[in-house]
Amino acid sequence: MNPNSSDPVYLDHAATTPMRPEAIAAMAEELGHLGNPSSLHAAGRRARRVVEESREQLAEVFGARPSEVIFTSGGTEADNLAVKGLYWARRDGARSGDMRRRVLTTSVEHHAILDSVRWLEEAQGAEATWLAVGDDGVIVPGALRAAIGQAPEQVAVVSVMWANNEVGAVQPVAELAAVAHEYGVPFHTDAVQAAAQLPVDFAASGADALTVSGHKLGGPVGVGALILTRGAAPVPVLHGGGQERDIRSGTLDTPAIRAFAVAAEACARQRAEETERLAALRDDLVRQVLAAVPDAVLNGPPPGPDRLPGNAHFSFPGCEGDALLMLLDANGIACSTGSACTAGVAEPSHVLLAMGADDSRARGSLRFSLGHTSTKRDVDALGLVIREVVDRARRAAAR
């Protein structure tokens, strides 16, 4: 435990990060107001004004037009809308006898993408192409060109995440989008992990669709957005009132949307300084872990521009990741074995397996992720206990 404090040490910001004070204040204030933003009376018009001002804020933060911001319930819904919706639109819009049934994505995506593509395969007759990554988790643009070039007229959509949620690998999104556009194929990127720590610019990226989520930025859980070019027209996943360009239906959560926009703006304003601070903390964390456990393996790209500044992902030989996680939790330190969406699932990391790791290494891994509330105290607390925790986990695994 940290000798200077009894407070828990939180090293799982990639799962969710604390709400920023200004976002909490904005949401609390808005919760006191009444009004459905689709209503025409005064209360509804006031709520609509808040929604549209928030849309403008988010558009400015992410380099988009306000009309391109489609509000959703979070990253998972936005990913489903992009992949399924664009697939259906492209498949159904193809010339007779020339059906576009291919979906291209990487084997290291978040499950919101992986499972959407697998469902399209099993239930909709899609043909998935799983693009390989290197041992650092990064895809080479040439691999995408080769995959599309096999039959470009059959490709419905390409989806590649901006930054990996487990090992922090940053993908060359602009180059990948350019390759897809060479063949007239729409390109989607899941930027949920990237948005808090990298300058995510929709227009500059060349993407046709981009996913962001409020709670990764210091906003509330349950709100996100799909940023979508005006020329893209995915088939809706949800049907109803057609509130968001007739692409996404559902009553808009005005308080959450306002808090999301406030958090995103604060995040963008502080990003340059915060990125430098987190990278220094991350480098210190890596140093302390490797000094305490010399045979630990840092997974993903080396610290630098190809890795998220707040991400450190290790494999610990001879250990089970779940055992390490629980032992650290008993010491007041929160981390994860990977995506929170798969926590408690006794399976090796699909990301590490795709990067060429064996089953043992993929099972014995932990992710430490830093965020806007992380401090040197948190890193030092981990450094104090990691050696003992690994030794105990190894003894338990050897029994």
# chains A, B, ... in the order shown; residues from 1 in each chain; ligands from 1
$ select_by_dssp --residues "range 54-212 of chain A" --states "alpha helix (DSSP H)" --output "PyMOL selection string"
chain A and resi 54-61+75-93+111-124+141-149+173-182+202-205
$ select_by_dssp --residues "range 169-378 of chain A" --states "strand (DSSP E)" --output "list of chain:residue names"
A:Phe187, A:His188, A:Thr189, A:Asp190, A:Ala209, A:Leu210, A:Thr211, A:Val212, A:Ser213, A:Gly224, A:Ala225, A:Leu226, A:Ile227, A:Leu228, A:Val297, A:Leu298, A:Asn311, A:Ala312, A:His313, A:Phe314, A:Ser315, A:Ile333, A:Ala334, A:Ser365, A:Leu366, A:Arg367, A:Phe368, A:Ser369
$ atom_distance --atom1 "CA of Val155 in chain A" --atom2 "CA of Val103 in chain A"
6.1 Å
$ closest_residue --among "A:Thr337, A:Ser365, A:Gln150, A:Ser67" --to "Phe316 in chain A" --atoms "only C-alpha atoms"
A:Ser365
$ residues_around --residues "Met161 in chain A" --least-positions-apart "4" --cutoff "8 Å" --atoms "only C-alpha atoms" --output "ChimeraX atom specification"
/A:109-110,171,173,188-191
